[in-house]
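Below: the structure, in structure tokens.
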Amino acid sequence: MSLKMQLQTMVRAGLRSFGYDICRADERRNPYLDMGRLVPSNPVVFDVGANVGQTIVELQNALLNPTIHAFEPSPKTFAQLKKNLAGRPGLHLNNFALGAKECTLELYENTDSKLSSFLELGPQGWGKIDSHSTVNVRTLDQYCAEQNVSEIDILKIDTQGYDLEVIGGASRLLAQQKINLIFLEIIFLELYKGAPRFDKVFSLLAEQGFKLVAFYKFYYKENRVGWTDALFMRG
């Protein structure tokens with residue numbers, strides 16, 4: 001290792017000891033690696049909007065022995081999720097949605113299952129709604145009480161514009177400061193009718209004591225930033 005690289009390594013190690021880090025402008029941060037360094041071993045993780053298991057695979061690769069509670073409301077997509085993850089340890093798969101209150105809702109099933117939502121497609125959305133499903137909705141507080149989950153290390157939410165409803169169903173957990181990291185999708189375009197704006201999401205999390213860790217890869221549509229993922233940490 002050259003003297004320059006040795007000095008860079010020493011400086012970076014020193015900064016990390018104080019909770020800081022440096023990176024080149026073109027170096028992309030990985031949200032799963034960030035989560036891995038911010039949570040203890042054996043973390044409790046909630047994947048709300050699990051789709052067919054893409055995020056679960058990333059989480060299991062990045063975290064040490066996680067217990068993952070996954071939620072996917074679409075019956076068709078849930079069947080594929082179970083097939084994809086058959087035999088993986090530490091998983092609790094749930095075929096219902098999470099929201100602000102216990103109820104039933106109509107799910108707009110998109111031809112691209114990642115885009116299915118409880119909200120109608122907006123003028124800048126895409127895909128096609130090819131079916132509708134009536135699904136059960138529960139709350140995070142209810143589920144955690146029934147499953148004896150006292151604390152959530154990582155709450156990942158990807159519900160295509162329904163994220164604030166999910167957070168609204170965790171009032172008890174938030175009041176008791178029992179959620180440590182929140183990882184969610186931020187939408188800037190009108191992909192869904194009635195989806196909350198970024199400033200509303202940011203304000204709500206700030207009021208609950210969360211601070212922004214990082215934005216990750218930005219996606220663009222029509223020459224404008226369309227959406228990205230963001231990680232927030234309590235304190």
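Ligands are numbered from 1 in the order shown, residues from 1 within each chain, and chains are lettered A, B, ... in the order they appear in the structure tokens.
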
With the cut-off set at 7 Å and counting only C-alpha atoms, tabulate each residue of range 34-118 of chain A with an atom at most that distance from an atom of range 164-168 of chain A, showing the nearest atom pair and its distance in Å to one decimal, ordered by chain and increasing number, as a Markdown table.
```
| residue | atom | partner | partner_atom | distance |
| --- | --- | --- | --- | --- |
| A:Leu98 | CA | A:Val166 | CA | 5.5 |
| A:Gly99 | CA | A:Val166 | CA | 4.2 |
| A:Ala100 | CA | A:Gly168 | CA | 4.7 |
```

Env of range 52-61 of chain A: 8 Å cut, atoms = only C-alpha atoms, seq-sep filter 6 positions within chain, self excluded. Answer as a count of residues only.
9

Closest to Phe188 in chain A among A:His69, A:Lys156, A:Arg224, A:Lys211, using only C-alpha atoms?
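Under the stated criterion, the closest residue is A:Arg224.
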
Which of range 35-179 of chain A DSSP labels alpha helix (DSSP H), written as a PyMOL selection string
chain A and resi 35-38+54-62+75-84+140-147+163-168+171-175

Quick one: residues within 12 Å of Ser74 in chain A, only C-alpha atoms, excluding same-chain residues fewer than 3 positions away - as a ChimeraX atom specification?
/A:49-52,71,77-81,94-97,105-110,113-118,131-137,159
